[in-house]
>>> print(open('coords.pdb').read())   # PDB, C-alpha atoms, pLDDT in the B column
ATOM      1  CA  MET A  63       0.986  17.277 -26.171  1.00 95.00           C
ATOM      2  CA  ARG A  64       2.210  15.877 -29.453  1.00 96.00           C
ATOM      3  CA  THR A  65       4.093  12.718 -30.392  1.00 98.00           C
ATOM      4  CA  GLU A  66       5.238  11.870 -33.879  1.00 98.00           C
ATOM      5  CA  ILE A  67       7.278   9.321 -35.760  1.00 98.00           C
ATOM      6  CA  ARG A  68       8.967  10.816 -38.798  1.00 97.00           C
ATOM      7  CA  ALA A  69      10.498   8.849 -41.683  1.00 97.00           C
ATOM      8  CA  THR A  70      12.255  11.906 -43.129  1.00 97.00           C
ATOM      9  CA  PRO A  71      14.888  14.303 -41.707  1.00 97.00           C
ATOM     10  CA  PHE A  72      13.659  17.065 -39.405  1.00 97.00           C
ATOM     11  CA  ASP A  73      15.095  20.210 -37.831  1.00 98.00           C
ATOM     12  CA  PRO A  74      14.431  19.957 -34.079  1.00 98.00           C
ATOM     13  CA  TRP A  75      14.860  23.700 -33.499  1.00 98.00           C
ATOM     14  CA  GLN A  76      12.380  24.567 -36.227  1.00 98.00           C
ATOM     15  CA  GLU A  77       9.961  21.979 -34.818  1.00 97.00           C
ATOM     16  CA  LEU A  78      10.320  23.502 -31.340  1.00 96.00           C
ATOM     17  CA  ALA A  79       9.679  27.007 -32.614  1.00 96.00           C
ATOM     18  CA  THR A  80       6.624  25.848 -34.548  1.00 96.00           C
ATOM     19  CA  HIS A  81       5.228  23.874 -31.615  1.00 96.00           C
ATOM     20  CA  GLN A  82       5.723  26.665 -29.098  1.00 92.00           C
ATOM     21  CA  GLY A  83       4.207  29.091 -31.573  1.00 91.00           C
ATOM     22  CA  HIS A  84       0.961  27.143 -31.292  1.00 91.00           C
ATOM     23  CA  MET A  85       0.913  26.961 -27.494  1.00 89.00           C
ATOM     24  CA  ASP A  86      -1.499  29.886 -27.199  1.00 84.00           C
ATOM     25  CA  ARG A  87      -3.414  28.440 -24.262  1.00 83.00           C
ATOM     26  CA  VAL A  88      -0.352  28.375 -21.982  1.00 84.00           C
ATOM     27  CA  VAL A  89       1.363  31.625 -22.983  1.00 81.00           C
ATOM     28  CA  GLY A  90       2.511  33.368 -19.788  1.00 85.00           C
ATOM     29  CA  LYS A  91       2.050  30.187 -17.735  1.00 88.00           C
ATOM     30  CA  HIS A  92       5.185  28.195 -18.560  1.00 88.00           C
ATOM     31  CA  GLY A  93       8.288  29.534 -16.868  1.00 92.00           C
ATOM     32  CA  ALA A  94      10.460  26.673 -18.067  1.00 96.00           C
ATOM     33  CA  ALA A  95      11.039  24.589 -21.165  1.00 96.00           C
ATOM     34  CA  ALA A  96      13.510  21.695 -21.084  1.00 98.00           C
ATOM     35  CA  VAL A  97      14.737  20.222 -24.352  1.00 98.00           C
ATOM     36  CA  PHE A  98      16.707  17.126 -25.315  1.00 98.00           C
ATOM     37  CA  VAL A  99      17.946  16.495 -28.857  1.00 97.00           C
ATOM     38  CA  GLY A 100      19.626  13.192 -29.728  1.00 95.00           C
ATOM     39  CA  THR A 101      21.823  13.192 -32.821  1.00 95.00           C
ATOM     40  CA  MET A 102      23.411  10.369 -34.758  1.00 94.00           C
ATOM     41  CA  ARG A 103      27.151  10.008 -34.140  1.00 90.00           C
ATOM     42  CA  ASP A 104      29.776   8.810 -36.632  1.00 90.00           C
ATOM     43  CA  PHE A 105      31.341   6.435 -34.072  1.00 86.00           C
ATOM     44  CA  ASN A 106      30.119   3.690 -31.757  1.00 86.00           C
ATOM     45  CA  ALA A 107      31.896   0.983 -29.786  1.00 80.00           C
ATOM     46  CA  GLY A 108      35.247   2.061 -31.232  1.00 85.00           C
ATOM     47  CA  GLU A 109      34.194   1.903 -34.888  1.00 87.00           C
ATOM     48  CA  GLU A 110      33.343   4.427 -37.543  1.00 92.00           C
ATOM     49  CA  VAL A 111      29.645   4.376 -38.342  1.00 93.00           C
ATOM     50  CA  GLN A 112      28.691   5.497 -41.848  1.00 95.00           C
ATOM     51  CA  GLY A 113      24.929   5.257 -41.580  1.00 95.00           C
ATOM     52  CA  MET A 114      22.074   3.768 -39.632  1.00 95.00           C
ATOM     53  CA  PHE A 115      18.611   2.321 -40.125  1.00 96.00           C
ATOM     54  CA  LEU A 116      16.017   2.778 -37.397  1.00 96.00           C
ATOM     55  CA  GLU A 117      13.182   0.263 -37.349  1.00 97.00           C
ATOM     56  CA  HIS A 118      10.005   0.572 -35.281  1.00 97.00           C
ATOM     57  CA  TYR A 119       6.789  -1.343 -34.625  1.00 98.00           C
ATOM     58  CA  PRO A 120       4.074   0.682 -36.368  1.00 98.00           C
ATOM     59  CA  GLY A 121       1.196   1.142 -33.948  1.00 98.00           C
ATOM     60  CA  MET A 122       2.942  -0.049 -30.787  1.00 98.00           C
ATOM     61  CA  THR A 123       5.711   2.548 -30.914  1.00 98.00           C
ATOM     62  CA  GLU A 124       3.228   5.404 -31.367  1.00 98.00           C
ATOM     63  CA  ARG A 125       1.066   4.065 -28.547  1.00 97.00           C
ATOM     64  CA  HIS A 126       4.009   3.887 -26.148  1.00 97.00           C
ATOM     65  CA  LEU A 127       5.243   7.388 -26.988  1.00 97.00           C
ATOM     66  CA  GLU A 128       1.768   8.695 -26.161  1.00 98.00           C
ATOM     67  CA  THR A 129       1.613   6.719 -22.917  1.00 98.00           C
ATOM     68  CA  ILE A 130       5.041   7.968 -21.780  1.00 97.00           C
ATOM     69  CA  CYS A 131       3.998  11.563 -22.564  1.00 98.00           C
ATOM     70  CA  GLU A 132       0.729  11.207 -20.654  1.00 98.00           C
ATOM     71  CA  GLU A 133       2.575   9.759 -17.646  1.00 98.00           C
ATOM     72  CA  ALA A 134       5.010  12.703 -17.568  1.00 98.00           C
ATOM     73  CA  ILE A 135       2.235  15.269 -17.907  1.00 98.00           C
ATOM     74  CA  ARG A 136       0.344  13.722 -14.963  1.00 98.00           C
ATOM     75  CA  ARG A 137       3.391  13.198 -12.743  1.00 98.00           C
ATOM     76  CA  TRP A 138       4.904  16.684 -13.108  1.00 97.00           C
ATOM     77  CA  ASP A 139       1.785  18.666 -13.959  1.00 96.00           C
ATOM     78  CA  LEU A 140       3.310  19.698 -17.278  1.00 97.00           C
ATOM     79  CA  LEU A 141       1.719  22.377 -19.400  1.00 97.00           C
ATOM     80  CA  ASP A 142       2.837  20.631 -22.598  1.00 97.00           C
ATOM     81  CA  ALA A 143       5.153  17.929 -23.945  1.00 97.00           C
ATOM     82  CA  LEU A 144       6.545  17.056 -27.369  1.00 98.00           C
ATOM     83  CA  ILE A 145       8.298  13.997 -28.805  1.00 98.00           C
ATOM     84  CA  ILE A 146       9.445  13.621 -32.412  1.00 98.00           C
ATOM     85  CA  HIS A 147      11.436  10.497 -33.339  1.00 97.00           C
ATOM     86  CA  ARG A 148      13.065   9.581 -36.648  1.00 97.00           C
ATOM     87  CA  THR A 149      12.851   6.207 -38.347  1.00 97.00           C
ATOM     88  CA  GLY A 150      14.392   4.843 -41.543  1.00 97.00           C
ATOM     89  CA  ALA A 151      17.786   5.479 -43.097  1.00 97.00           C
ATOM     90  CA  MET A 152      19.893   8.264 -41.599  1.00 96.00           C
ATOM     91  CA  GLN A 153      23.388   9.745 -41.718  1.00 95.00           C
ATOM     92  CA  PRO A 154      25.768  10.935 -38.978  1.00 96.00           C
ATOM     93  CA  GLY A 155      24.688  14.381 -37.825  1.00 95.00           C
ATOM     94  CA  ASP A 156      20.994  13.715 -38.410  1.00 96.00           C
ATOM     95  CA  PRO A 157      18.753  14.478 -35.429  1.00 97.00           C
ATOM     96  CA  ILE A 158      17.200  11.225 -34.157  1.00 96.00           C
ATOM     97  CA  VAL A 159      14.908  12.399 -31.401  1.00 97.00           C
ATOM     98  CA  LEU A 160      13.496  15.617 -29.970  1.00 98.00           C
ATOM     99  CA  VAL A 161      11.963  15.645 -26.497  1.00 98.00           C
ATOM    100  CA  ALA A 162      10.636  18.799 -24.832  1.00 98.00           C
ATOM    101  CA  SER A 163       8.650  19.566 -21.704  1.00 98.00           C
ATOM    102  CA  TRP A 164       7.008  22.778 -20.577  1.00 97.00           C
ATOM    103  CA  ALA A 165       6.206  23.492 -16.927  1.00 97.00           C
ATOM    104  CA  ALA A 166       5.695  26.415 -14.572  1.00 96.00           C
ATOM    105  CA  HIS A 167       9.148  25.882 -13.041  1.00 97.00           C
ATOM    106  CA  ARG A 168      12.493  24.398 -14.106  1.00 97.00           C
ATOM    107  CA  GLY A 169      12.490  21.512 -11.595  1.00 98.00           C
ATOM    108  CA  PRO A 170       9.559  19.651 -13.106  1.00 98.00           C
ATOM    109  CA  ALA A 171      10.566  20.641 -16.651  1.00 98.00           C
ATOM    110  CA  PHE A 172      14.052  19.104 -16.270  1.00 98.00           C
ATOM    111  CA  ALA A 173      12.774  16.025 -14.443  1.00 98.00           C
ATOM    112  CA  ALA A 174      10.043  15.369 -16.990  1.00 98.00           C
ATOM    113  CA  CYS A 175      12.398  15.833 -19.953  1.00 98.00           C
ATOM    114  CA  ARG A 176      14.803  13.304 -18.425  1.00 97.00           C
ATOM    115  CA  TYR A 177      11.925  10.913 -17.761  1.00 97.00           C
ATOM    116  CA  LEU A 178      10.600  11.209 -21.312  1.00 97.00           C
ATOM    117  CA  ILE A 179      13.901  10.334 -22.985  1.00 96.00           C
ATOM    118  CA  GLU A 180      14.885   7.572 -20.537  1.00 94.00           C
ATOM    119  CA  GLU A 181      11.472   5.892 -20.690  1.00 95.00           C
ATOM    120  CA  LEU A 182      11.460   6.225 -24.470  1.00 95.00           C
ATOM    121  CA  LYS A 183      14.851   4.502 -24.656  1.00 92.00           C
ATOM    122  CA  SER A 184      13.849   1.632 -22.416  1.00 90.00           C
ATOM    123  CA  ARG A 185      10.211   1.074 -23.456  1.00 93.00           C
ATOM    124  CA  ALA A 186       9.474   2.349 -26.958  1.00 96.00           C
ATOM    125  CA  PRO A 187      10.096  -0.323 -29.610  1.00 96.00           C
ATOM    126  CA  PHE A 188      12.893   1.055 -31.797  1.00 96.00           C
ATOM    127  CA  TRP A 189      15.852  -0.906 -33.115  1.00 96.00           C
ATOM    128  CA  LYS A 190      19.061   0.459 -34.640  1.00 95.00           C
ATOM    129  CA  LYS A 191      21.104  -1.167 -37.358  1.00 95.00           C
ATOM    130  CA  GLU A 192      24.502   0.459 -37.904  1.00 94.00           C
ATOM    131  CA  HIS A 193      26.318   0.438 -41.216  1.00 95.00           C
ATOM    132  CA  LEU A 194      30.093   0.190 -40.836  1.00 94.00           C
ATOM    133  CA  ALA A 195      32.677   0.236 -43.638  1.00 91.00           C
ATOM    134  CA  GLN A 196      32.647  -3.566 -44.040  1.00 92.00           C
ATOM    135  CA  GLU A 197      29.434  -4.773 -42.422  1.00 93.00           C
ATOM    136  CA  SER A 198      26.134  -3.898 -40.808  1.00 94.00           C
ATOM    137  CA  ARG A 199      25.263  -4.761 -37.212  1.00 93.00           C
ATOM    138  CA  TRP A 200      22.234  -4.468 -34.955  1.00 94.00           C
ATOM    139  CA  VAL A 201      22.844  -2.416 -31.844  1.00 90.00           C
ATOM    140  CA  THR A 202      22.110  -4.708 -28.927  1.00 82.00           C
ATOM    141  CA  TYR A 203      22.050  -2.433 -25.902  1.00 69.00           C
ATOM    142  CA  ASN A 204      21.469   1.079 -24.611  1.00 62.00           C
ATOM    143  CA  THR A 205      24.278   2.706 -22.671  1.00 57.00           C
ATOM    144  CA  PRO A 206      22.698   3.564 -19.322  1.00 54.00           C
ATOM    145  CA  ALA A 207      22.510   7.227 -18.437  1.00 58.00           C
ATOM    146  CA  THR A 208      24.760   8.430 -15.625  1.00 55.00           C
ATOM    147  CA  PRO A 209      22.623   8.593 -12.480  1.00 53.00           C
ATOM    148  CA  LEU A 210      21.925  12.195 -11.517  1.00 51.00           C
ATOM    149  CA  ASN A 211      22.518  11.799  -7.806  1.00 46.00           C
ATOM    150  CA  LYS A 212      25.856  10.003  -7.771  1.00 37.00           C
TER     151      LYS A 212
ATOM    152  CA  MET B 300      -9.682 -17.615 -37.007  1.00 79.00           C
ATOM    153  CA  ALA B 301      -6.032 -17.094 -36.320  1.00 95.00           C
ATOM    154  CA  ILE B 302      -3.408 -15.253 -34.326  1.00 98.00           C
ATOM    155  CA  THR B 303      -1.195 -12.811 -36.233  1.00 98.00           C
ATOM    156  CA  VAL B 304       2.502 -13.156 -35.444  1.00 98.00           C
ATOM    157  CA  LYS B 305       5.085 -10.438 -36.100  1.00 98.00           C
ATOM    158  CA  PHE B 306       8.876 -10.419 -35.822  1.00 98.00           C
ATOM    159  CA  PHE B 307      11.124  -7.349 -35.746  1.00 98.00           C
ATOM    160  CA  ALA B 308      14.737  -6.251 -36.222  1.00 96.00           C
ATOM    161  CA  SER B 309      17.494  -8.882 -35.897  1.00 95.00           C
ATOM    162  CA  LEU B 310      14.941 -11.590 -35.116  1.00 96.00           C
ATOM    163  CA  ARG B 311      12.994 -10.797 -38.309  1.00 97.00           C
ATOM    164  CA  GLU B 312      16.192 -10.998 -40.338  1.00 96.00           C
ATOM    165  CA  ARG B 313      17.385 -14.225 -38.732  1.00 94.00           C
ATOM    166  CA  LEU B 314      14.033 -15.987 -39.178  1.00 95.00           C
ATOM    167  CA  GLY B 315      13.524 -14.492 -42.639  1.00 95.00           C
ATOM    168  CA  CYS B 316       9.944 -13.626 -41.710  1.00 96.00           C
ATOM    169  CA  SER B 317       8.223 -10.394 -40.703  1.00 97.00           C
ATOM    170  CA  GLU B 318       4.666 -11.673 -40.348  1.00 98.00           C
ATOM    171  CA  THR B 319       2.828 -14.983 -40.268  1.00 97.00           C
ATOM    172  CA  SER B 320      -0.191 -16.501 -38.542  1.00 97.00           C
ATOM    173  CA  VAL B 321      -0.957 -19.543 -36.416  1.00 97.00           C
ATOM    174  CA  GLU B 322      -4.152 -21.429 -35.596  1.00 95.00           C
ATOM    175  CA  ALA B 323      -5.695 -19.984 -32.454  1.00 94.00           C
ATOM    176  CA  GLU B 324      -7.074 -23.357 -31.315  1.00 94.00           C
ATOM    177  CA  GLN B 325      -3.575 -24.713 -30.685  1.00 92.00           C
ATOM    178  CA  ALA B 326      -2.189 -21.672 -28.881  1.00 95.00           C
ATOM    179  CA  GLY B 327      -2.894 -21.050 -25.199  1.00 95.00           C
ATOM    180  CA  THR B 328       0.104 -18.839 -24.425  1.00 97.00           C
ATOM    181  CA  ALA B 329       2.652 -16.672 -26.242  1.00 98.00           C
ATOM    182  CA  ALA B 330       5.135 -19.541 -25.809  1.00 97.00           C
ATOM    183  CA  ASP B 331       2.747 -21.775 -27.805  1.00 97.00           C
ATOM    184  CA  VAL B 332       2.585 -19.096 -30.497  1.00 98.00           C
ATOM    185  CA  TRP B 333       6.384 -19.009 -30.676  1.00 98.00           C
ATOM    186  CA  ARG B 334       6.556 -22.820 -31.012  1.00 97.00           C
ATOM    187  CA  LEU B 335       3.848 -22.935 -33.688  1.00 97.00           C
ATOM    188  CA  ALA B 336       5.393 -20.093 -35.687  1.00 97.00           C
ATOM    189  CA  VAL B 337       9.106 -20.803 -35.299  1.00 96.00           C
ATOM    190  CA  GLY B 338       9.329 -24.522 -34.568  1.00 94.00           C
ATOM    191  CA  ASP B 339      11.758 -26.280 -32.263  1.00 90.00           C
ATOM    192  CA  GLU B 340      14.194 -23.380 -31.921  1.00 92.00           C
ATOM    193  CA  PRO B 341      14.027 -22.199 -28.303  1.00 93.00           C
ATOM    194  CA  ALA B 342      13.048 -18.587 -27.669  1.00 94.00           C
ATOM    195  CA  PRO B 343      16.107 -16.368 -27.031  1.00 93.00           C
ATOM    196  CA  GLY B 344      16.653 -15.512 -23.372  1.00 90.00           C
ATOM    197  CA  ASN B 345      16.353 -11.771 -23.994  1.00 90.00           C
ATOM    198  CA  LEU B 346      13.255 -12.076 -26.193  1.00 94.00           C
ATOM    199  CA  LEU B 347      10.577  -9.426 -25.715  1.00 95.00           C
ATOM    200  CA  VAL B 348       6.905 -10.239 -26.291  1.00 97.00           C
ATOM    201  CA  ALA B 349       3.968  -7.958 -27.026  1.00 98.00           C
ATOM    202  CA  ILE B 350       0.327  -8.971 -27.260  1.00 98.00           C
ATOM    203  CA  ASN B 351      -1.924  -6.476 -29.027  1.00 98.00           C
ATOM    204  CA  MET B 352       0.913  -3.933 -28.793  1.00 98.00           C
ATOM    205  CA  GLU B 353       1.311  -4.160 -25.007  1.00 97.00           C
ATOM    206  CA  TYR B 354       4.324  -5.801 -23.357  1.00 96.00           C
ATOM    207  CA  ALA B 355       3.637  -9.342 -22.179  1.00 97.00           C
ATOM    208  CA  THR B 356       5.590 -12.520 -21.375  1.00 97.00           C
ATOM    209  CA  LEU B 357       5.859 -15.961 -22.930  1.00 97.00           C
ATOM    210  CA  GLU B 358       3.496 -17.201 -20.201  1.00 97.00           C
ATOM    211  CA  SER B 359       0.802 -14.655 -21.103  1.00 98.00           C
ATOM    212  CA  THR B 360      -2.407 -16.135 -22.498  1.00 98.00           C
ATOM    213  CA  VAL B 361      -3.462 -15.388 -26.056  1.00 98.00           C
ATOM    214  CA  GLU B 362      -6.848 -15.337 -27.724  1.00 97.00           C
ATOM    215  CA  ASP B 363      -8.250 -15.694 -31.175  1.00 97.00           C
ATOM    216  CA  GLY B 364      -7.625 -12.545 -33.207  1.00 97.00           C
ATOM    217  CA  ASP B 365      -4.686 -11.372 -31.084  1.00 98.00           C
ATOM    218  CA  GLU B 366      -1.549  -9.869 -32.594  1.00 98.00           C
ATOM    219  CA  VAL B 367       1.539 -11.378 -30.965  1.00 98.00           C
ATOM    220  CA  ALA B 368       4.937  -9.790 -31.637  1.00 98.00           C
ATOM    221  CA  PHE B 369       8.406 -11.098 -30.811  1.00 98.00           C
ATOM    222  CA  PHE B 370      11.464  -8.850 -30.864  1.00 96.00           C
ATOM    223  CA  PRO B 371      14.934  -8.273 -29.363  1.00 94.00           C
ATOM    224  CA  PRO B 372      15.603  -5.661 -26.641  1.00 92.00           C
ATOM    225  CA  VAL B 373      14.794  -2.155 -27.852  1.00 92.00           C
ATOM    226  CA  THR B 374      17.619   0.281 -28.630  1.00 83.00           C
ATOM    227  CA  GLY B 375      15.847   3.524 -29.448  1.00 65.00           C
ATOM    228  CA  GLY B 376      16.460   7.098 -28.517  1.00 52.00           C
ATOM    229  CA  ALA B 377      19.923   8.557 -28.552  1.00 46.00           C
ATOM    230  CA  ARG B 378      22.670   6.776 -26.703  1.00 47.00           C
ATOM    231  CA  GLU B 379      24.407   8.577 -23.921  1.00 49.00           C
ATOM    232  CA  ASP B 380      28.151   8.564 -23.324  1.00 39.00           C
TER     233      ASP B 380
END
>>> encode(input="coords.pdb", output="structure tokens")
Amino acid sequence: MRTEIRATPFDPWQELATHQGHMDRVVGKHGAAAVFVGTMRDFNAGEEVQGMFLEHYPGMTERHLETICEEAIRRWDLLDALIIHRTGAMQPGDPIVLVASWAAHRGPAFAACRYLIEELKSRAPFWKKEHLAQESRWVTYNTPATPLNK
Amino acid sequence: MAITVKFFASLRERLGCSETSVEAEQAGTAADVWRLAVGDEPAPGNLLVAINMEYATLESTVEDGDEVAFFPPVTGGARED
């Protein structure tokens, strides 16, 4: 398992390849990897967004990412899990977050990946400030995910 | 000794303060810490509180040497349409 906060741009696909390349101990054991990549959009709430600043609480954010990862690994018997999250100034198109889970089967891999990103969004201390053409504004809510079973 | 107080995001900007400290002797709860650090302004209804980097409430007790943080609701991750 690995969690990381990154203040500079990252390529999620390269990070995935590198991480899985070091998963020697579970080669042949994981039948499923589920991946979520969140990317910065150039629109929000009907307005064009030109840039964004992501603030975090050094120490607490890292601790909560680790806790969320450990919970998912226990609950779904994961073989591995990975979270990388950006902070600082970013532009539309920049990857914000990478979440991945490895399990023997797809059921637990999908469920754990969903859990990791939803728990991260609701519990990990990150705050977004959007830069519009004329002003900057703090984002004040998360759009809830569509429930899977409805 | 003292209690370290931290503010984040929009709250940090509005108060013009990212970190301060208060006397531990006068603070029994996180609400006391807020009052000592911020003054008469009531705590926002959606305020989140952390003590030593774990979520807590305004009623939670604090001790000498604690780090108490106040911040608005978190908005991390990637938003879903």
>>> closest_residue(input="coords.pdb", among="B:Val361, B:Ala368, B:Gly315, B:Glu353", to="Glu124 (chain A)", atoms="only C-alpha atoms")
B:Glu353
>>> residues_around(input="coords.pdb", residues="Ala326 (chain B)", least_positions_apart="4", cutoff="12 Å", atoms="all atoms listed in the file", output="list in words")
Met300, Ala301, Ile302, Thr303, Val304, Ser320, Val321, Glu322, Ala330, Asp331, Val332, Trp333, Arg334, Leu335, Ala336, Leu357, Glu358, Ser359, Thr360, Val361, Glu362, Asp363, Gly364, Asp365 and Val367 of chain B
>>> resolve_selection(input="coords.pdb", expression="the PyMOL selection byres ((chain A) within 10 of (chain B))", output="ChimeraX atom specification")
/A:98-103,106,116-126,147-149,157-161,179-191,199-208
>>> atom_distance(input="coords.pdb", atom1="CA of Thr328 (chain B)", atom2="CA of Pro343 (chain B)")
16.4 Å
>>> atom_distance(input="coords.pdb", atom1="CA of Ala107 (chain A)", atom2="CA of Leu346 (chain B)")
23.0 Å
>>> resolve_selection(input="coords.pdb", expression="the PyMOL selection byres ((chain A and resi 170) around 12)", output="number ranges by chain")
A: 92-96, 134-143, 162-169, 171-178
>>> atom_distance(input="coords.pdb", atom1="CA of Ala355 (chain B)", atom2="CA of Asp339 (chain B)")
21.3 Å
>>> resolve_selection(input="coords.pdb", expression="the PyMOL selection byres ((chain A and resi 68) around 9)", output="PyMOL selection string")
chain A and resi 66-67+69-72+146-150
>>> residues_near_point(input="coords.pdb", point="(26.2, -0.9, -39.3)", cutoff="10 Å", atoms="all atoms listed in the file", output="mmCIF file with C-alpha atoms, in the frame of the given file")
data_model
loop_
_atom_site.group_PDB
_atom_site.id
_atom_site.type_symbol
_atom_site.label_atom_id
_atom_site.label_comp_id
_atom_site.auth_asym_id
_atom_site.auth_seq_id
_atom_site.Cartn_x
_atom_site.Cartn_y
_atom_site.Cartn_z
ATOM 1 C CA ASN A 106 30.119 3.690 -31.757
ATOM 2 C CA GLU A 109 34.194 1.903 -34.888
ATOM 3 C CA GLU A 110 33.343 4.427 -37.543
ATOM 4 C CA VAL A 111 29.645 4.376 -38.342
ATOM 5 C CA GLN A 112 28.691 5.497 -41.848
ATOM 6 C CA GLY A 113 24.929 5.257 -41.580
ATOM 7 C CA MET A 114 22.074 3.768 -39.632
ATOM 8 C CA PHE A 115 18.611 2.321 -40.125
ATOM 9 C CA LYS A 190 19.061 0.459 -34.640
ATOM 10 C CA LYS A 191 21.104 -1.167 -37.358
ATOM 11 C CA GLU A 192 24.502 0.459 -37.904
ATOM 12 C CA HIS A 193 26.318 0.438 -41.216
ATOM 13 C CA LEU A 194 30.093 0.190 -40.836
ATOM 14 C CA ALA A 195 32.677 0.236 -43.638
ATOM 15 C CA GLN A 196 32.647 -3.566 -44.040
ATOM 16 C CA GLU A 197 29.434 -4.773 -42.422
ATOM 17 C CA SER A 198 26.134 -3.898 -40.808
ATOM 18 C CA ARG A 199 25.263 -4.761 -37.212
ATOM 19 C CA TRP A 200 22.234 -4.468 -34.955
ATOM 20 C CA VAL A 201 22.844 -2.416 -31.844
#
